[in-house]
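Accompanying notes for the structure given below.
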Amino acid sequence: MTHGSDVLVIGAGVIGAATAYFAARQGLSVTVLDKGLPASGTSSACEGNILVSDKELGPELELTRYSLGVWHHDLEEHKKLWEFDSKGGIIVASRESSLASLHRVMAVQKSYGVDVEELDQSALRDAEPHISPEALGGASYREDCQVQPMLVAAHLVRLATEAGARFIADCPVSGFLGSGPDGGRVTGVRTPRGDFPAGAVVNCTGTWAGELAAMAGVEVPVLPRRGFVIVTEPLPAMIRHKVYAAEYIDNVGSSDAGLQASPVVEGTPAGSILIGSSRERVGFDRTVSTAALGLLARNATALFPFLKDVKAIRHYHGFRPYCPDHLPVIGHDDRAPGLWHAAGHEGAGIGLSAGTGKLLAQALAGLTPDMDLSPFAPARFSAPGKHTPVHREEATA
Amino acid sequence: MSTVVTVDVAVVGAGPAGLAAAVAATETGARVAVVDAGNQPGGQFWRHAPETGNPGTADVQPHGHHGWSTYLDLRARFDAARSAGRITYLPGLQVWMAQHSGDAFVLRTTAAVASSGATPATVAADRLVLCPGGYDRQLPIPGWDLPGVMAAGGIQAFIKANGVLPGKRFVIAGTGPFLLPVAAGIAEAGGKVLAVLESSSPSAWLPHLRAAAGVPGKALEGMAYAAVFARHRIPYRTRNIVTEILGTDRAEGVRTARVDAAGRVRPGTARTYADVDVVGFGWGFTPQLELPVSLGVETRLDADGSLVGIVDERQQSSVPGLYLAGEVTGVGGATLAVLEGLAAGAAAARPESDVPVKQPAAIARHRRFAQAMHHAHPVPAAWQDWLSPDTTVCRCEEVTAGEITEARDQLGARDIRSLKSFTRAGMGWCQGRVCGFASACLSAGPGQMPDAGSLASSAKRPLAAPVGIGELAAQDG
């Protein structure tokens, strides 16, 4: 490879695909490499959530709302390609105590401009007729949406190539050009298929981002958090929204290593119902956990009792890429000039991909991004300097 | 939690391989549990009407069964072991998950049919013999989703189970010797077989005569079918295929054509058969690989293009303590399945001993014959040309050939995994059991057959059978 690109994106998951798409639309010359095919990692093992309802206040909520705007405006013309569905989300409380917490959360969210509406018991039943009689009330989030994430990644890669980018599948990165033990600017990547020089290299490798960063001598603590999802037989539409239990919000922000699961139950255009989703920190263990499946099933039937008699036909699991502070890593890595990261979006990567890609493309093009990226700065995990050890307590907690 | 049955050897399946494995294991001294989806032993091959009395009696004796005396022998030994309390028989159950933890295999089961009333049990065993058999391999063509189109094996099972025919006037098409007993069975039961269309040519057998000569019983079977064909005047047309099923609400006729050695249609050879009730297709069999794959068994591509489990001379897979017998080690018919089952059962009962494999030469001979059969009756390389863009490939999710080739060419879905993600082919109720092979061919490209990796990904079904959410909710560890 003699001819270099302005931008080389590693990883054709949803984050890499969005970054490539917006970078190509900025007029940059872009090459995308993936060790396999588009959407073969976490993007293909999730639920396709674009959620506002579960976000922590602060930079995460700000990025979420920015990203939602990108989905609705910049990507509006392509919505049908990836089955964009503004179905809305409903959080259900089944205990007085969780209902009270939900009301507190809603009040704060409202003050930050989130579109949330309280549902009393009868309004909840109108919205979800098959909800458990024990449900006391809920909150409706009209901004919550869903996409088919594999189609998002595959079409964004295709659209990027139509805008001039080049995509190379089955091309794993084995090292970086320019970055030696003594440091130096990252000027491209090495692969078994040759060297790819580039002005900027963007690490969009999700759960593998830490491994990639280590090759350039920097530490980016992205860790896997396993989740199982159960898929039912196709049914007539019984569940209209994304329905979560009030405990879901607590689990998302938790760093507990043990098995947790709060029900997230929703229908799909194909008629199957998705029952998610567990959270466990067990590394990349792919062993099927009957304990996780049992917990998901119990939680889901508590929310929708009719599910007890419905057949599960499949389950899948994926590894959410998460950082210890539950914020993604987005932007230039000052410790390794020339290297950029966009990874660690945990369970929100699909929703945040559009905004992440657009903001990163602006920064790569030398523009001031629409939103301040400093809360997501890669170097926040260590002082500048390549060999500073980073505490990995989270990995062993 | 359901009851737990703890044994030395668990056997999944009670067809020719499973029945033989159970009998051999118990006669070698093991305590055995047999889990089977059927309500009585026999599997697909020895499927028969619901037993009211002794299986040896005339009211049970089914139509056109080969090796029925073998069945009666195995069945008598099976029943004796059951009476002696050495076999726990768990009929009407499907394994939805097999796990290997520490030294034990654990099988979690669910009722095969909700109405069967079978109570799910969990089976824990030191060794496991998987004999799940196979099912008809299907190739989509225009009109194949019309009512009246059946798998050849489905027609045979229908006759065996019900003693009546699913229609009156039949066309049977595909490739391989299995078309013969299906057509003969229809004719003997009083149906009219308008034609048997074999895509391959008789000369395809010439290079394999030595292997065929090693199994003289097969030649006798073939001669018996020839006699039935002559008696009922069934035309047997080689190098012929069905190109389209005609009809609006159900199959009413077929269009056929001659093909060359690669399966390409020869122009000007189209012919129409009108007034057809049932069209039966047999394109070989797909072994049921989900349980072996879920337990991490190493697999290979067999001569017929199917994914099969690798076993050693004692039928042990790459996973210690896990044995495979029957079609999962390579499609080879009931006689071979029984031989493999006997070897696997004995080995699983005494894994440390040097008990010699029973009849190793016979197993080798039948395997050679099966390989010769596969080489002589391949899935035609050009079969994808028979599709039109609007031909449904995945019936559960209604995905057409055009949608699949578009995902392959525009979105880079060059393996079955991405193809499923992008089109939903194989994501419905049957989880790709029907369309998996065809979809894998299409994702590989025109004229291509899927590689082992693609088929392994297609065979990966984290739930080996549908299971109730309520049953999952009862799992706590």
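Identifiers in this document derive from the order of the structure tokens: chains are assigned A, B, ..., residues are numbered from 1 separately in each chain, and ligands are numbered from 1 in order of occurrence.
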As a PyMOL selection string, please: every residue in range 8-222 of chain A that a backbone DSSP assignment puts in strand (DSSP E). chain A and resi 8-10+30-33+49-50+89-93+116-119+137-141+145-146+166-168+175-177+188-191+194-203
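Residues from chain A that have an atom within 7 Å of chain B, counting only C-alpha atoms, are Met150, Leu151, Ala154, His155, Arg158, Glu233, Thr290, Ala291, Leu293, Gly294, Leu295, Ala297, Arg298, Leu307, Lys308, Asp309, Val310, Lys311, Ala312, Ile313, Arg314 and His315 of chain A.
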Tell me, as number ranges by chain, which residues lie within 9 Å of Asp260 in chain B, counting only C-alpha atoms; anything in the same chain fewer than 4 positions away does not count. B: 199-200, 239-240, 264-266
Could those selected residues go to a file with N, CA and C atoms, as a PDB file, in the first residue's frame?
```pdb
ATOM      1  N   SER B 199     -31.600 -36.064 -10.763  1.00  0.00           N
ATOM      2  CA  SER B 199     -30.785 -35.046 -11.437  1.00  0.00           C
ATOM      3  C   SER B 199     -29.450 -35.603 -11.914  1.00  0.00           C
ATOM      4  N   SER B 200     -29.006 -36.664 -11.262  1.00  0.00           N
ATOM      5  CA  SER B 200     -27.720 -37.240 -11.640  1.00  0.00           C
ATOM      6  C   SER B 200     -27.924 -38.249 -12.774  1.00  0.00           C
ATOM      7  N   ARG B 239     -30.990 -37.286 -15.105  1.00  0.00           N
ATOM      8  CA  ARG B 239     -30.638 -35.973 -15.653  1.00  0.00           C
ATOM      9  C   ARG B 239     -31.891 -35.126 -15.892  1.00  0.00           C
ATOM     10  N   ASN B 240     -32.861 -35.263 -14.997  1.00  0.00           N
ATOM     11  CA  ASN B 240     -34.081 -34.469 -15.074  1.00  0.00           C
ATOM     12  C   ASN B 240     -34.355 -33.814 -13.726  1.00  0.00           C
ATOM     13  N   ARG B 264     -27.195 -27.617 -15.190  1.00  0.00           N
ATOM     14  CA  ARG B 264     -27.712 -26.501 -16.002  1.00  0.00           C
ATOM     15  C   ARG B 264     -28.825 -27.007 -16.905  1.00  0.00           C
ATOM     16  N   VAL B 265     -29.916 -26.247 -16.975  1.00  0.00           N
ATOM     17  CA  VAL B 265     -31.076 -26.659 -17.759  1.00  0.00           C
ATOM     18  C   VAL B 265     -30.730 -26.653 -19.252  1.00  0.00           C
ATOM     19  N   ARG B 266     -31.071 -27.741 -19.953  1.00  0.00           N
ATOM     20  CA  ARG B 266     -30.874 -27.792 -21.399  1.00  0.00           C
ATOM     21  C   ARG B 266     -32.065 -27.126 -22.071  1.00  0.00           C
TER      22      ARG B 266
END
```
What parts of range 338-369 of chain A does DSSP call helix (DSSP H, G or I)? I'd like the answer as an mmCIF file with C-alpha atoms, in the first residue's frame.
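Generated output (part-v7.cif):
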```cif
data_model
loop_
_atom_site.group_PDB
_atom_site.id
_atom_site.type_symbol
_atom_site.label_atom_id
_atom_site.label_comp_id
_atom_site.auth_asym_id
_atom_site.auth_seq_id
_atom_site.Cartn_x
_atom_site.Cartn_y
_atom_site.Cartn_z
ATOM 1 C CA GLU A 346 -21.195 0.150 26.756
ATOM 2 C CA GLY A 347 -24.865 -0.655 26.131
ATOM 3 C CA ALA A 348 -25.525 2.628 24.343
ATOM 4 C CA GLY A 349 -23.260 2.280 21.320
ATOM 5 C CA ILE A 350 -26.005 2.037 18.736
ATOM 6 C CA GLY A 351 -27.788 5.134 19.983
ATOM 7 C CA LEU A 352 -24.585 7.125 20.434
ATOM 8 C CA SER A 353 -22.963 6.023 17.160
ATOM 9 C CA ALA A 354 -24.525 8.688 14.942
ATOM 10 C CA GLY A 355 -23.470 11.564 17.194
ATOM 11 C CA THR A 356 -20.057 10.046 17.897
ATOM 12 C CA GLY A 357 -19.339 9.648 14.186
ATOM 13 C CA LYS A 358 -20.395 13.160 13.308
ATOM 14 C CA LEU A 359 -18.485 14.850 16.144
ATOM 15 C CA LEU A 360 -15.359 12.825 15.464
ATOM 16 C CA ALA A 361 -15.512 13.619 11.749
ATOM 17 C CA GLN A 362 -15.691 17.315 12.584
ATOM 18 C CA ALA A 363 -12.650 17.018 14.837
ATOM 19 C CA LEU A 364 -10.746 14.935 12.277
#
```
Within 7 Å of Val201 in chain A, counting only C-alpha atoms, which residues show up once you throw out same-chain ones fewer than 5 positions away? Write them as a ChimeraX atom specification, please. /A:7-9,188,338-340
Would you write out those residues with N, CA and C atoms, as an mmCIF file, in the first residue's frame?
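Output file result_33.cif follows:
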```cif
data_model
loop_
_atom_site.group_PDB
_atom_site.id
_atom_site.type_symbol
_atom_site.label_atom_id
_atom_site.label_comp_id
_atom_site.auth_asym_id
_atom_site.auth_seq_id
_atom_site.Cartn_x
_atom_site.Cartn_y
_atom_site.Cartn_z
ATOM 1 N N VAL A 7 -7.850 9.462 6.756
ATOM 2 C CA VAL A 7 -8.355 8.799 7.955
ATOM 3 C C VAL A 7 -8.413 7.297 7.717
ATOM 4 N N LEU A 8 -7.874 6.533 8.657
ATOM 5 C CA LEU A 8 -8.011 5.090 8.603
ATOM 6 C C LEU A 8 -8.822 4.646 9.816
ATOM 7 N N VAL A 9 -9.978 4.031 9.547
ATOM 8 C CA VAL A 9 -10.866 3.587 10.631
ATOM 9 C C VAL A 9 -10.646 2.091 10.836
ATOM 10 N N GLY A 188 -0.063 5.182 10.659
ATOM 11 C CA GLY A 188 -0.783 4.180 9.878
ATOM 12 C C GLY A 188 -0.808 2.866 10.623
ATOM 13 N N GLY A 338 -1.726 11.231 16.547
ATOM 14 C CA GLY A 338 -2.126 10.555 15.310
ATOM 15 C C GLY A 338 -3.136 9.460 15.556
ATOM 16 N N LEU A 339 -3.246 8.996 16.819
ATOM 17 C CA LEU A 339 -4.198 7.937 17.158
ATOM 18 C C LEU A 339 -5.437 8.547 17.813
ATOM 19 N N TRP A 340 -6.588 8.133 17.338
ATOM 20 C CA TRP A 340 -7.876 8.579 17.873
ATOM 21 C C TRP A 340 -8.638 7.356 18.342
#
```
Hey, what's within 7 Å of range 161-176 of chain B if we count only C-alpha atoms and toss same-chain stuff fewer than 6 positions away? As a list in words, please?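 Everything that qualifies: Arg47, His48, Ala49, Ala183, Gly191, Lys192, Val193, Leu194, Ala195, Val196, Leu197, Glu198, Ser199, Ser200, Ile241, Val242, Val276, Asp277, Val278, Val279, Gly280, Phe281, Gly282, Trp283, Gly284 and His377 of chain B.
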Could you dump the residues just selected with N, CA and C atoms as a PDB file, in the first residue's frame?
```pdb
ATOM      1  N   ARG B  47     -40.255 -45.443  12.057  1.00  0.00           N
ATOM      2  CA  ARG B  47     -41.500 -44.823  12.517  1.00  0.00           C
ATOM      3  C   ARG B  47     -42.661 -45.767  12.214  1.00  0.00           C
ATOM      4  N   HIS B  48     -43.568 -45.907  13.132  1.00  0.00           N
ATOM      5  CA  HIS B  48     -44.712 -46.784  12.892  1.00  0.00           C
ATOM      6  C   HIS B  48     -45.932 -46.286  13.655  1.00  0.00           C
ATOM      7  N   ALA B  49     -47.070 -46.862  13.316  1.00  0.00           N
ATOM      8  CA  ALA B  49     -48.327 -46.425  13.920  1.00  0.00           C
ATOM      9  C   ALA B  49     -48.265 -46.599  15.438  1.00  0.00           C
ATOM     10  N   ALA B 183     -40.710 -43.606  -3.692  1.00  0.00           N
ATOM     11  CA  ALA B 183     -41.632 -43.832  -4.810  1.00  0.00           C
ATOM     12  C   ALA B 183     -42.266 -45.220  -4.713  1.00  0.00           C
ATOM     13  N   GLY B 191     -50.730 -45.270  -4.467  1.00  0.00           N
ATOM     14  CA  GLY B 191     -50.627 -43.971  -5.118  1.00  0.00           C
ATOM     15  C   GLY B 191     -50.071 -44.087  -6.525  1.00  0.00           C
ATOM     16  N   LYS B 192     -50.323 -43.062  -7.329  1.00  0.00           N
ATOM     17  CA  LYS B 192     -49.812 -43.048  -8.702  1.00  0.00           C
ATOM     18  C   LYS B 192     -48.555 -42.170  -8.738  1.00  0.00           C
ATOM     19  N   VAL B 193     -47.427 -42.751  -9.103  1.00  0.00           N
ATOM     20  CA  VAL B 193     -46.197 -41.965  -9.245  1.00  0.00           C
ATOM     21  C   VAL B 193     -46.006 -41.667 -10.724  1.00  0.00           C
ATOM     22  N   LEU B 194     -46.197 -40.386 -11.106  1.00  0.00           N
ATOM     23  CA  LEU B 194     -46.127 -40.025 -12.528  1.00  0.00           C
ATOM     24  C   LEU B 194     -44.695 -40.081 -13.036  1.00  0.00           C
ATOM     25  N   ALA B 195     -43.740 -39.786 -12.173  1.00  0.00           N
ATOM     26  CA  ALA B 195     -42.340 -39.873 -12.590  1.00  0.00           C
ATOM     27  C   ALA B 195     -41.444 -39.726 -11.373  1.00  0.00           C
ATOM     28  N   VAL B 196     -40.278 -40.344 -11.470  1.00  0.00           N
ATOM     29  CA  VAL B 196     -39.193 -40.080 -10.534  1.00  0.00           C
ATOM     30  C   VAL B 196     -38.094 -39.393 -11.345  1.00  0.00           C
ATOM     31  N   LEU B 197     -37.740 -38.187 -10.928  1.00  0.00           N
ATOM     32  CA  LEU B 197     -36.747 -37.420 -11.674  1.00  0.00           C
ATOM     33  C   LEU B 197     -35.453 -37.362 -10.861  1.00  0.00           C
ATOM     34  N   GLU B 198     -34.413 -37.915 -11.439  1.00  0.00           N
ATOM     35  CA  GLU B 198     -33.107 -37.989 -10.769  1.00  0.00           C
ATOM     36  C   GLU B 198     -32.173 -37.027 -11.496  1.00  0.00           C
ATOM     37  N   SER B 199     -31.600 -36.064 -10.763  1.00  0.00           N
ATOM     38  CA  SER B 199     -30.785 -35.046 -11.437  1.00  0.00           C
ATOM     39  C   SER B 199     -29.450 -35.603 -11.914  1.00  0.00           C
ATOM     40  N   SER B 200     -29.006 -36.664 -11.262  1.00  0.00           N
ATOM     41  CA  SER B 200     -27.720 -37.240 -11.640  1.00  0.00           C
ATOM     42  C   SER B 200     -27.924 -38.249 -12.774  1.00  0.00           C
ATOM     43  N   ILE B 241     -34.906 -32.620 -13.797  1.00  0.00           N
ATOM     44  CA  ILE B 241     -35.257 -31.909 -12.573  1.00  0.00           C
ATOM     45  C   ILE B 241     -36.640 -31.268 -12.715  1.00  0.00           C
ATOM     46  N   VAL B 242     -37.240 -30.920 -11.591  1.00  0.00           N
ATOM     47  CA  VAL B 242     -38.422 -30.064 -11.594  1.00  0.00           C
ATOM     48  C   VAL B 242     -37.919 -28.628 -11.565  1.00  0.00           C
ATOM     49  N   VAL B 276     -51.094 -32.974 -10.754  1.00  0.00           N
ATOM     50  CA  VAL B 276     -50.222 -33.539  -9.714  1.00  0.00           C
ATOM     51  C   VAL B 276     -50.705 -33.035  -8.353  1.00  0.00           C
ATOM     52  N   ASP B 277     -50.868 -33.960  -7.414  1.00  0.00           N
ATOM     53  CA  ASP B 277     -51.297 -33.623  -6.042  1.00  0.00           C
ATOM     54  C   ASP B 277     -50.141 -33.238  -5.138  1.00  0.00           C
ATOM     55  N   VAL B 278     -49.127 -34.097  -5.209  1.00  0.00           N
ATOM     56  CA  VAL B 278     -48.021 -33.995  -4.261  1.00  0.00           C
ATOM     57  C   VAL B 278     -46.701 -34.075  -5.021  1.00  0.00           C
ATOM     58  N   VAL B 279     -45.817 -33.121  -4.732  1.00  0.00           N
ATOM     59  CA  VAL B 279     -44.471 -33.156  -5.294  1.00  0.00           C
ATOM     60  C   VAL B 279     -43.515 -33.415  -4.130  1.00  0.00           C
ATOM     61  N   GLY B 280     -42.703 -34.455  -4.268  1.00  0.00           N
ATOM     62  CA  GLY B 280     -41.772 -34.790  -3.183  1.00  0.00           C
ATOM     63  C   GLY B 280     -40.337 -34.576  -3.622  1.00  0.00           C
ATOM     64  N   PHE B 281     -39.568 -33.859  -2.793  1.00  0.00           N
ATOM     65  CA  PHE B 281     -38.162 -33.596  -3.137  1.00  0.00           C
ATOM     66  C   PHE B 281     -37.229 -34.274  -2.157  1.00  0.00           C
ATOM     67  N   GLY B 282     -36.223 -34.909  -2.700  1.00  0.00           N
ATOM     68  CA  GLY B 282     -35.180 -35.490  -1.849  1.00  0.00           C
ATOM     69  C   GLY B 282     -33.811 -35.083  -2.361  1.00  0.00           C
ATOM     70  N   TRP B 283     -33.157 -34.211  -1.632  1.00  0.00           N
ATOM     71  CA  TRP B 283     -31.806 -33.757  -2.001  1.00  0.00           C
ATOM     72  C   TRP B 283     -30.806 -34.205  -0.957  1.00  0.00           C
ATOM     73  N   GLY B 284     -31.005 -35.405  -0.447  1.00  0.00           N
ATOM     74  CA  GLY B 284     -30.125 -35.886   0.610  1.00  0.00           C
ATOM     75  C   GLY B 284     -30.621 -35.408   1.957  1.00  0.00           C
ATOM     76  N   HIS B 377     -24.266 -38.800  -6.395  1.00  0.00           N
ATOM     77  CA  HIS B 377     -25.516 -38.026  -6.338  1.00  0.00           C
ATOM     78  C   HIS B 377     -25.301 -36.674  -5.669  1.00  0.00           C
TER      79      HIS B 377
END
```
When you look at Ala452 in chain B with a cut-off of 8 Å (counting only C-alpha atoms), what residues show up, excluding the ones that are within fewer than 2 positions of it in the same chain? I need them as a PDB file with N, CA and C atoms, in the first residue's frame.
```
ATOM      1  N   THR B 299     -15.807 -30.564  13.674  1.00  0.00           N
ATOM      2  CA  THR B 299     -16.646 -30.994  12.555  1.00  0.00           C
ATOM      3  C   THR B 299     -15.842 -30.968  11.264  1.00  0.00           C
ATOM      4  N   ARG B 300     -16.409 -31.577  10.238  1.00  0.00           N
ATOM      5  CA  ARG B 300     -15.779 -31.563   8.915  1.00  0.00           C
ATOM      6  C   ARG B 300     -16.897 -31.568   7.878  1.00  0.00           C
ATOM      7  N   LEU B 301     -16.485 -31.311   6.631  1.00  0.00           N
ATOM      8  CA  LEU B 301     -17.427 -31.349   5.520  1.00  0.00           C
ATOM      9  C   LEU B 301     -17.412 -32.762   4.947  1.00  0.00           C
ATOM     10  N   LEU B 307     -22.257 -30.820   6.949  1.00  0.00           N
ATOM     11  CA  LEU B 307     -21.367 -30.722   8.101  1.00  0.00           C
ATOM     12  C   LEU B 307     -21.625 -31.943   8.986  1.00  0.00           C
ATOM     13  N   PRO B 450     -21.295 -24.217   0.363  1.00  0.00           N
ATOM     14  CA  PRO B 450     -20.783 -23.611   1.595  1.00  0.00           C
ATOM     15  C   PRO B 450     -19.612 -24.398   2.189  1.00  0.00           C
ATOM     16  N   SER B 454     -19.082 -21.927   7.368  1.00  0.00           N
ATOM     17  CA  SER B 454     -20.400 -21.344   7.153  1.00  0.00           C
ATOM     18  C   SER B 454     -21.490 -22.295   7.664  1.00  0.00           C
ATOM     19  N   LEU B 455     -21.335 -23.591   7.395  1.00  0.00           N
ATOM     20  CA  LEU B 455     -22.347 -24.548   7.859  1.00  0.00           C
ATOM     21  C   LEU B 455     -22.323 -24.667   9.382  1.00  0.00           C
ATOM     22  N   ALA B 456     -21.134 -24.557   9.968  1.00  0.00           N
ATOM     23  CA  ALA B 456     -21.055 -24.648  11.427  1.00  0.00           C
ATOM     24  C   ALA B 456     -21.775 -23.462  12.044  1.00  0.00           C
TER      25      ALA B 456
END
```
